[in-house]
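Q: One file is attached below, input.csv, containing CSV, C-alpha atoms and all ligand atoms.
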chain,number,residue,atom,x,y,z
A,1,MET,CA,150.4,216.8,197.5
A,2,ASN,CA,147.9,214.1,196.5
A,3,GLU,CA,148.2,214.5,192.7
A,4,ARG,CA,147.6,211.4,190.7
A,5,PRO,CA,150.5,209.6,189.0
A,6,GLU,CA,151.7,210.9,185.7
A,7,ILE,CA,150.8,208.6,182.8
A,8,VAL,CA,152.2,210.7,180.0
A,9,ARG,CA,154.9,213.2,180.3
A,10,LEU,CA,156.3,215.0,177.2
A,11,GLU,CA,159.2,217.4,177.3
A,12,GLN,CA,160.0,219.5,174.2
A,13,LEU,CA,158.7,216.8,171.9
A,14,VAL,CA,159.6,217.4,168.3
A,15,LYS,CA,158.7,215.4,165.2
A,16,VAL,CA,160.1,216.3,161.8
A,17,TYR,CA,159.2,214.3,158.7
A,18,SER,CA,162.0,214.5,156.1
A,19,GLN,CA,161.6,212.3,153.1
A,20,ALA,CA,164.2,211.6,150.5
A,21,GLY,CA,163.4,213.7,147.5
A,22,ALA,CA,161.1,216.0,149.4
A,23,GLU,CA,162.2,219.6,149.2
A,24,VAL,CA,161.2,220.7,152.7
A,25,ALA,CA,161.0,218.8,155.9
A,26,VAL,CA,157.6,218.9,157.7
A,27,HIS,CA,157.8,220.1,161.3
A,28,ALA,CA,154.7,218.2,162.5
A,29,LEU,CA,155.4,218.8,166.2
A,30,ARG,CA,157.4,221.8,167.4
A,31,GLY,CA,158.3,221.3,171.0
A,32,ILE,CA,155.3,219.9,172.9
A,33,THR,CA,155.6,219.9,176.7
A,34,LEU,CA,152.6,218.5,178.7
A,35,THR,CA,151.6,216.0,181.4
A,36,ILE,CA,148.5,213.7,181.5
A,37,ARG,CA,147.7,212.2,184.8
A,38,GLN,CA,145.9,208.9,185.7
A,39,GLY,CA,142.2,209.1,185.2
A,40,GLU,CA,142.2,212.2,182.9
A,41,TYR,CA,139.8,212.4,180.0
A,42,VAL,CA,141.5,214.5,177.3
A,43,ALA,CA,140.3,215.7,173.9
A,44,ILE,CA,142.9,216.7,171.3
A,45,ILE,CA,141.5,219.1,168.7
A,46,GLY,CA,142.9,221.2,165.9
A,47,ALA,CA,142.7,221.7,162.2
A,48,SER,CA,143.6,219.0,159.7
A,49,GLY,CA,147.4,218.8,159.5
A,50,SER,CA,148.0,220.4,162.9
A,51,GLY,CA,149.8,217.3,164.3
A,52,LYS,CA,147.1,215.4,166.2
A,53,SER,CA,147.8,212.0,164.6
A,54,THR,CA,151.5,212.4,164.8
A,55,LEU,CA,151.2,213.0,168.5
A,56,MET,CA,148.9,210.0,168.9
A,57,ASN,CA,151.3,207.7,167.0
A,58,ILE,CA,154.1,208.8,169.4
A,59,LEU,CA,151.9,208.4,172.5
A,60,GLY,CA,150.9,205.0,171.2
A,61,CYS,CA,154.6,204.0,170.7
A,62,LEU,CA,153.9,203.4,167.0
A,63,ASP,CA,156.5,206.1,166.1
A,64,ARG,CA,159.4,207.8,167.8
A,65,PRO,CA,159.9,211.5,168.2
A,66,THR,CA,162.8,213.3,166.4
A,67,ALA,CA,163.8,215.1,169.6
A,68,GLY,CA,162.5,215.6,173.1
A,69,THR,CA,161.5,213.0,175.7
A,70,TYR,CA,158.3,210.9,176.2
A,71,TRP,CA,157.8,209.1,179.5
A,72,LEU,CA,154.9,206.6,179.6
A,73,ALA,CA,154.0,205.5,183.1
A,74,GLY,CA,157.4,206.7,184.3
A,75,GLN,CA,159.3,204.8,181.5
A,76,ASP,CA,161.5,206.9,179.1
A,77,VAL,CA,160.5,205.2,175.9
A,78,SER,CA,163.6,206.4,174.0
A,79,THR,CA,165.7,203.9,176.1
A,80,LEU,CA,163.8,201.0,174.6
A,81,ASP,CA,164.9,199.2,171.5
A,82,ASP,CA,162.2,198.3,168.8
A,83,ASP,CA,161.3,194.9,170.3
A,84,GLU,CA,161.1,196.3,173.8
A,85,LEU,CA,159.0,199.2,172.6
A,86,SER,CA,156.6,196.9,170.8
A,87,ASP,CA,156.3,194.8,173.9
A,88,PHE,CA,155.8,197.8,176.1
A,89,ARG,CA,153.1,199.1,173.7
A,90,GLY,CA,151.3,195.8,173.8
A,91,ARG,CA,151.2,195.8,177.6
A,92,SER,CA,150.5,199.6,178.1
A,93,ILE,CA,148.4,201.0,175.3
A,94,GLY,CA,144.9,200.4,174.0
A,95,PHE,CA,144.2,201.9,170.6
A,96,ILE,CA,140.8,202.7,169.1
A,97,PHE,CA,140.8,203.7,165.4
A,98,GLN,CA,138.3,205.6,163.3
A,99,ASN,CA,138.1,202.5,160.9
A,100,PHE,CA,137.9,200.0,163.7
A,101,ASN,CA,140.8,198.0,162.3
A,102,LEU,CA,139.3,194.6,162.9
A,103,ILE,CA,140.4,191.5,161.0
A,104,GLN,CA,137.6,190.8,158.6
A,105,ALA,CA,138.3,187.1,158.3
A,106,GLN,CA,138.1,186.5,162.1
A,107,THR,CA,135.1,186.3,164.4
A,108,VAL,CA,134.6,188.7,167.3
A,109,LEU,CA,136.1,186.1,169.6
A,110,GLU,CA,139.1,185.6,167.4
A,111,ASN,CA,139.7,189.3,167.0
A,112,LEU,CA,139.9,189.5,170.8
A,113,GLU,CA,141.8,186.3,171.4
A,114,VAL,CA,144.5,186.4,168.7
A,115,PRO,CA,146.4,189.4,170.0
A,116,MET,CA,146.7,187.6,173.4
A,117,PHE,CA,147.9,184.5,171.6
A,118,TYR,CA,150.9,186.5,170.3
A,119,GLN,CA,151.5,187.8,173.8
A,120,GLY,CA,151.7,184.3,175.2
A,121,VAL,CA,148.6,184.4,177.3
A,122,PRO,CA,147.4,180.8,178.1
A,123,PRO,CA,144.3,179.6,176.2
A,124,ALA,CA,141.9,179.5,179.2
A,125,GLU,CA,142.9,183.0,180.3
A,126,ARG,CA,142.5,184.2,176.7
A,127,ARG,CA,139.0,182.9,176.5
A,128,GLN,CA,138.1,184.3,179.9
A,129,ARG,CA,139.5,187.8,179.2
A,130,ALA,CA,137.9,187.9,175.7
A,131,PHE,CA,134.5,187.1,177.2
A,132,ALA,CA,134.9,189.7,180.0
A,133,ALA,CA,135.9,192.4,177.5
A,134,ALA,CA,133.0,191.5,175.1
A,135,GLN,CA,130.6,191.6,178.0
A,136,ARG,CA,131.9,195.0,179.2
A,137,VAL,CA,130.9,196.5,175.8
A,138,GLY,CA,127.6,194.7,175.5
A,139,LEU,CA,128.6,192.2,172.8
A,140,ALA,CA,128.7,188.9,174.6
A,141,ASP,CA,125.9,187.6,172.2
A,142,ARG,CA,127.9,188.4,169.1
A,143,LEU,CA,131.1,186.4,169.7
A,144,HIS,CA,130.8,184.2,166.6
A,145,HIS,CA,129.9,187.0,164.2
A,146,ARG,CA,132.4,188.4,161.8
A,147,PRO,CA,132.9,192.2,161.5
A,148,SER,CA,130.9,192.3,158.2
A,149,GLN,CA,127.9,190.9,160.1
A,150,LEU,CA,128.0,193.7,162.6
A,151,SER,CA,126.9,197.4,162.5
A,152,GLY,CA,129.5,200.1,162.6
A,153,GLY,CA,128.7,200.8,166.2
A,154,GLN,CA,129.1,197.1,167.1
A,155,GLN,CA,132.4,196.9,165.3
A,156,GLN,CA,133.7,199.9,167.3
A,157,ARG,CA,132.6,198.1,170.5
A,158,VAL,CA,134.7,195.1,169.5
A,159,ALA,CA,137.6,197.5,168.9
A,160,ILE,CA,137.1,199.0,172.3
A,161,ALA,CA,136.9,195.5,173.9
A,162,ARG,CA,140.1,194.6,172.1
A,163,ALA,CA,141.8,197.8,173.4
A,164,LEU,CA,140.8,196.8,177.0
A,165,LEU,CA,142.2,193.3,177.0
A,166,ASN,CA,145.5,194.0,178.6
A,167,ASP,CA,144.1,196.6,181.0
A,168,PRO,CA,146.2,199.3,179.4
A,169,VAL,CA,147.4,202.3,181.4
A,170,LEU,CA,146.5,204.6,178.5
A,171,LEU,CA,143.6,204.4,176.0
A,172,LEU,CA,144.0,206.3,172.7
A,173,ALA,CA,141.2,207.0,170.3
A,174,ASP,CA,141.8,208.8,167.0
A,175,GLU,CA,138.3,210.0,165.7
A,176,PRO,CA,136.5,207.1,167.3
A,177,THR,CA,133.1,208.3,166.1
A,178,GLY,CA,134.3,209.6,162.7
A,179,ASN,CA,132.7,206.8,160.7
A,180,LEU,CA,129.5,206.5,162.7
A,181,ASP,CA,126.1,208.2,162.5
A,182,SER,CA,125.6,210.6,165.4
A,183,ALA,CA,123.2,208.4,167.4
A,184,THR,CA,125.6,205.5,167.2
A,185,GLY,CA,128.5,207.9,168.0
A,186,GLN,CA,126.7,208.9,171.2
A,187,LEU,CA,126.5,205.2,172.2
A,188,ILE,CA,130.2,204.8,171.7
A,189,LEU,CA,130.9,207.9,173.6
A,190,ALA,CA,128.8,206.6,176.4
A,191,VAL,CA,131.1,203.5,176.5
A,192,LEU,CA,134.1,205.8,176.7
A,193,ASP,CA,132.5,207.9,179.4
A,194,GLU,CA,131.9,204.7,181.3
A,195,LEU,CA,135.6,203.7,181.0
A,196,HIS,CA,136.5,207.2,182.3
A,197,ARG,CA,134.2,206.7,185.3
A,198,ALA,CA,135.9,203.4,185.9
A,199,GLY,CA,139.3,205.3,186.2
A,200,LYS,CA,140.8,204.8,182.8
A,201,THR,CA,143.1,207.4,181.3
A,202,LEU,CA,141.7,208.4,177.9
A,203,VAL,CA,143.0,210.6,175.1
A,204,ILE,CA,140.6,211.2,172.2
A,205,VAL,CA,141.3,213.0,168.9
A,206,THR,CA,138.1,214.6,167.7
A,207,HIS,CA,136.7,217.1,165.2
A,208,ASP,CA,133.3,217.0,167.1
A,209,ARG,CA,132.7,219.8,169.6
A,210,GLY,CA,130.2,217.6,171.4
A,211,VAL,CA,132.9,215.0,172.0
A,212,ALA,CA,135.4,217.6,173.2
A,213,ALA,CA,132.7,219.1,175.5
A,214,ARG,CA,132.3,215.9,177.5
A,215,CYS,CA,136.0,215.5,178.2
A,216,GLN,CA,137.6,217.2,181.2
A,217,ARG,CA,140.4,218.8,179.4
A,218,VAL,CA,140.8,220.0,175.8
A,219,ILE,CA,144.2,220.5,174.2
A,220,GLU,CA,144.2,222.4,170.9
A,221,PHE,CA,146.9,222.1,168.3
A,222,ARG,CA,147.8,224.5,165.6
A,223,ASP,CA,150.7,223.9,163.2
A,224,GLY,CA,152.5,221.6,165.6
A,225,VAL,CA,152.1,223.6,168.8
A,226,VAL,CA,149.6,223.7,171.7
A,227,ILE,CA,147.6,226.9,171.5
A,228,HIS,CA,145.0,226.0,174.2
A,229,ASP,CA,145.0,223.5,177.1
A,230,GLY,CA,142.2,223.7,179.6
A,231,ALA,CA,138.6,223.0,180.6
A,232,PRO,CA,136.1,222.3,177.8
A,233,ASP,CA,133.8,225.2,178.7
A,234,ALA,CA,136.6,227.6,178.2
A,235,ALA,CA,137.5,225.7,175.1
A,236,GLY,CA,134.0,225.7,173.6
A,237,ALA,CA,134.9,228.9,171.8
A,238,ASP,CA,138.2,227.3,170.7
A,239,VAL,CA,136.3,224.4,169.2
A,240,GLY,CA,134.2,226.8,167.2
A,241,ARG,CA,137.3,228.7,166.1
A,242,HIS,CA,138.9,225.3,165.2
A,243,HIS,CA,136.1,224.7,162.7
A,244,ALA,CA,136.7,228.1,161.2
A,245,ALA,CA,140.4,227.4,161.2
A,246,ASP,CA,139.9,224.1,159.5
A,247,ALA,CA,137.8,225.7,156.7
A,248,ALA,CA,140.5,228.4,156.4
A,249,SER,CA,143.3,225.8,156.1
A,250,ARG,CA,141.3,223.9,153.5
A,251,GLU,CA,141.0,227.2,151.6
A,252,ARG,CA,144.7,227.8,151.9
A,253,THR,CA,145.5,224.4,150.3
A,254,THR,CA,143.1,225.1,147.4
A,255,PRO,CA,145.2,226.4,144.5
A,256,PRO,CA,144.2,229.8,143.3
A,257,ALA,CA,142.0,229.7,140.2
A,301,LIG,P1,146.4,215.8,161.9
A,301,LIG,O1,146.2,214.4,162.4
A,301,LIG,O2,146.2,216.9,162.9
A,301,LIG,O3,145.5,216.0,160.7
A,301,LIG,P2,149.1,214.9,161.2
A,301,LIG,O4,149.7,214.6,162.5
A,301,LIG,O5,148.5,213.7,160.4
A,301,LIG,O6,147.9,216.0,161.4
A,301,LIG,O7,150.1,215.7,160.2
A,301,LIG,C1,150.8,216.8,160.7
A,301,LIG,C2,151.7,217.2,159.5
A,301,LIG,O8,152.7,216.2,159.3
A,301,LIG,C3,151.0,217.5,158.2
A,301,LIG,O9,151.6,218.5,157.6
A,301,LIG,C4,151.2,216.2,157.5
A,301,LIG,O10,151.2,216.4,156.1
A,301,LIG,C5,152.6,215.8,157.9
A,301,LIG,N1,152.8,214.3,158.0
A,301,LIG,C6,152.1,213.4,158.7
A,301,LIG,N2,152.5,212.2,158.5
A,301,LIG,C7,153.6,212.3,157.6
A,301,LIG,C8,154.5,211.3,157.1
A,301,LIG,N3,154.4,210.0,157.4
A,301,LIG,N4,155.5,211.8,156.2
A,301,LIG,C9,155.5,213.1,155.9
A,301,LIG,N5,154.7,214.0,156.5
A,301,LIG,C10,153.7,213.6,157.3
A,302,MG,MG,144.8,212.9,161.9
Would you mind writing the structure in this file as structure tokens?

A:
Amino acid sequence: MNERPEIVRLEQLVKVYSQAGAEVAVHALRGITLTIRQGEYVAIIGASGSGKSTLMNILGCLDRPTAGTYWLAGQDVSTLDDDELSDFRGRSIGFIFQNFNLIQAQTVLENLEVPMFYQGVPPAERRQRAFAAAQRVGLADRLHHRPSQLSGGQQQRVAIARALLNDPVLLLADEPTGNLDSATGQLILAVLDELHRAGKTLVIVTHDRGVAARCQRVIEFRDGVVIHDGAPDAAGADVGRHHAADAASRERTTPPA
């Protein structure tokens, strides 16, 4: 066997949201078992409310499952306490959000350097890594701009650069092109494609069939379970169905007149 190492391994992962005062608990994930190997480029699709963000939050160690096991790069994350988990997250995960999540009061350089400051990276190395990451996404000439002085596409590039600083084993993107026009979205996807070619392991949540089509593997969720997991050409129809399902689920949530 020459299979690549497992980056993500989920076994019977369950997430139940139960809030005080809420009448019914929400079963957001109902027993997810899957493996993602090093270098895979995975799209997660599914109607609104199907559990995509819940999964991403658990993969990103921002939240913990109710039951089941998550191994990240061979580490069972349930054995880590909150401090260890946050440290492990900082070293292992790069997160790219729909809203970029940059700090508006900081320059591009500061947005890149400050997280490393908190991780105890020495100043010269912080500077060097921030420059290298900015260069990698084509923003070396915007280091002293603030986010408000950048286009949406440039802000997302900064966010990608920030996600790359620690050379994470797993890059997670939740609707990374959701707030961008389609031409800018294509440029951001080209950056992600490039990271894939460089060997990164990427998981992208998307509503866009064009995005899913360029990944190697598409995993479709419905009501907290995986209903499709395979190559994008086979999933093309699934993505179409997903849009129909999304519309249907919106209709279902519209109260009858
Ligand atoms: P998606 O990202 O696919 O739209 P989510 O993972 O956000 O879906 O949500 C899955 C289900 O869990 C939905 O029914 C949603 O309302 C519910 N949910 C998500 N987050 C919470 C939360 N913090 N508390 C309670 N219910 C939640
Ligand atoms: Mg979501």

Q: Grab the CA of Gly51 (chain A) to CA of Leu202 (chain A) distance for me, in Å with one decimal place.

A: 18.2 Å

Q: At what distance in Å, to one decimal, does CA of Pro65 (chain A) lie from CA of Ser53 (chain A)?

A: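 Taking CA of Ser53 (chain A) as the start and CA of Pro65 (chain A) as the end point, the length is 12.6 Å.
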
Q: Return the single residue from A:His145, A:Arg91, A:His228, A:Arg222 that is closest to Ala28 (chain A), with distances computed using only C-alpha atoms.

A: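 Selected residue with least distance to Ala28 (chain A): A:Arg222.
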
Q: For each of A:Asp141, A:Gln75, A:Arg127, A:Arg214, take the minimum atom-to-atom distance to Glu40 (chain A), counting all atoms listed in the file, then give the residue where this is smallest.

A: A:Arg214

Q: For a quick check of understanding, using all atoms listed in the file, which of A:Ser48, A:Gln149, A:Gln106, A:Gln12 has the smallest distance to ligand MG 302 (chain A)?

A: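 The closest residue to ligand MG 302 (chain A) is A:Ser48.
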
Q: Within 9 Å of ligand MG 302 (chain A), counting only C-alpha atoms and all ligand atoms, which protein or nucleic acid residues do you find, written as a PyMOL selection string?

A: chain A and resi 48-54+56+174-175+205

Q: What residues of the protein or nucleic acid chains come within 12 Å of ligand LIG 301 (chain A) when you use all atoms listed in the file? Reply as number ranges by chain.

A: A: 14-30, 44-59, 62-64, 98, 173-175, 204-207, 220-226, 242, 246, 249-250, 253

Q: With only C-alpha atoms as the atoms that count, which of A:Arg9, A:Thr177, A:Asp208, A:Arg4 lies nearest to Gly152 (chain A)?

A: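 Closest to Gly152 (chain A), using only C-alpha atoms: A:Thr177.
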
Q: Find the residue from A:Pro232, A:Gly199, A:Gly39, A:Pro147 that sits nearest to Asn99 (chain A); use all atoms listed in the file when measuring.

A: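 Closest candidate: A:Pro147.
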
Q: What separation in Å, quoted to one decimal, exists between CA of Thr201 (chain A) and CA of Val8 (chain A)?

A: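 If I compute the distance from CA of Thr201 (chain A) to CA of Val8 (chain A), I get 9.8 Å.
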
Q: Restricting the calculation to all atoms listed in the file: of A:Ala73, A:Ala67, A:Ile227, A:Ala133, which residue gets closest to Leu164 (chain A)?

A: A:Ala133

Q: Could you name the residues that touch Gly90 (chain A) at 10 Å or less, counting all atoms listed in the file, but leaving out those on the same chain fewer than 3 positions away, as a PyMOL selection string?

A: chain A and resi 60-61+84-87+93-95+115-116+118-119+163+165-166+168

Q: Residues as selected, C-alpha atoms, written as a compact mmCIF listing (two decimals), keeping the file's coordinate frame, can you do that?

A:
# COMPACT_ATOMS: atom_id res chain seq x y z
CA GLY A 60 150.90 205.00 171.20
CA CYS A 61 154.60 204.00 170.70
CA GLU A 84 161.10 196.30 173.80
CA LEU A 85 159.00 199.20 172.60
CA SER A 86 156.60 196.90 170.80
CA ASP A 87 156.30 194.80 173.90
CA ILE A 93 148.40 201.00 175.30
CA GLY A 94 144.90 200.40 174.00
CA PHE A 95 144.20 201.90 170.60
CA PRO A 115 146.40 189.40 170.00
CA MET A 116 146.70 187.60 173.40
CA TYR A 118 150.90 186.50 170.30
CA GLN A 119 151.50 187.80 173.80
CA ALA A 163 141.80 197.80 173.40
CA LEU A 165 142.20 193.30 177.00
CA ASN A 166 145.50 194.00 178.60
CA PRO A 168 146.20 199.30 179.40

Q: Thr184 (chain A): which residues within 10 Å, counting all atoms listed in the file, same-chain residues fewer than 2 positions away excluded, as a PDB file with C-alpha atoms, in the coordinates of the input?

A:
ATOM      1  CA  SER A 151     126.900 197.400 162.500  1.00  0.00           C
ATOM      2  CA  GLY A 152     129.500 200.100 162.600  1.00  0.00           C
ATOM      3  CA  GLY A 153     128.700 200.800 166.200  1.00  0.00           C
ATOM      4  CA  GLN A 154     129.100 197.100 167.100  1.00  0.00           C
ATOM      5  CA  GLN A 156     133.700 199.900 167.300  1.00  0.00           C
ATOM      6  CA  THR A 177     133.100 208.300 166.100  1.00  0.00           C
ATOM      7  CA  ASN A 179     132.700 206.800 160.700  1.00  0.00           C
ATOM      8  CA  LEU A 180     129.500 206.500 162.700  1.00  0.00           C
ATOM      9  CA  ASP A 181     126.100 208.200 162.500  1.00  0.00           C
ATOM     10  CA  SER A 182     125.600 210.600 165.400  1.00  0.00           C
ATOM     11  CA  GLN A 186     126.700 208.900 171.200  1.00  0.00           C
ATOM     12  CA  LEU A 187     126.500 205.200 172.200  1.00  0.00           C
ATOM     13  CA  ILE A 188     130.200 204.800 171.700  1.00  0.00           C
ATOM     14  CA  LEU A 189     130.900 207.900 173.600  1.00  0.00           C
ATOM     15  CA  ALA A 190     128.800 206.600 176.400  1.00  0.00           C
TER      16      ALA A 190
END

Q: Output as lines of an AutoDock Vina configuration file the centre and edge lengths (Å, one decimal) of the box along x, y and z of the file that holds every listed atom of region 192-197 of chain A after adding 5 Å on each side.

A:
center_x = 134.2
center_y = 205.8
center_z = 181.0
size_x = 14.6
size_y = 14.2
size_z = 18.6

Q: With a distance cut-off of 9 Å and all atoms listed in the file, select the neighbouring residues of Val137 (chain A), excluding the residue or stretch itself and same-chain residues fewer than 3 positions from it, and output the selection as an MDAnalysis selection string.

A: chainID A and resid 132:134 140 154 157:158 160:161 191

Q: Would you save the residues of that selection, restricted to C-alpha atoms, as a compact mmCIF listing (two decimals), in the coordinates of the input?

A:
# COMPACT_ATOMS: atom_id res chain seq x y z
CA ALA A 132 134.90 189.70 180.00
CA ALA A 133 135.90 192.40 177.50
CA ALA A 134 133.00 191.50 175.10
CA ALA A 140 128.70 188.90 174.60
CA GLN A 154 129.10 197.10 167.10
CA ARG A 157 132.60 198.10 170.50
CA VAL A 158 134.70 195.10 169.50
CA ILE A 160 137.10 199.00 172.30
CA ALA A 161 136.90 195.50 173.90
CA VAL A 191 131.10 203.50 176.50

Q: Could you list as a list in words every residue that has an atom within 7 Å of (138.6, 195.2, 164.6), using the file's coordinates and counting all atoms listed in the file?

A: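 Within 7 Å of (138.6, 195.2, 164.6), the protein and nucleic acid residues are Phe100, Asn101, Leu102, Ile103, Asn111, Gln155, Val158 and Ala159 of chain A.
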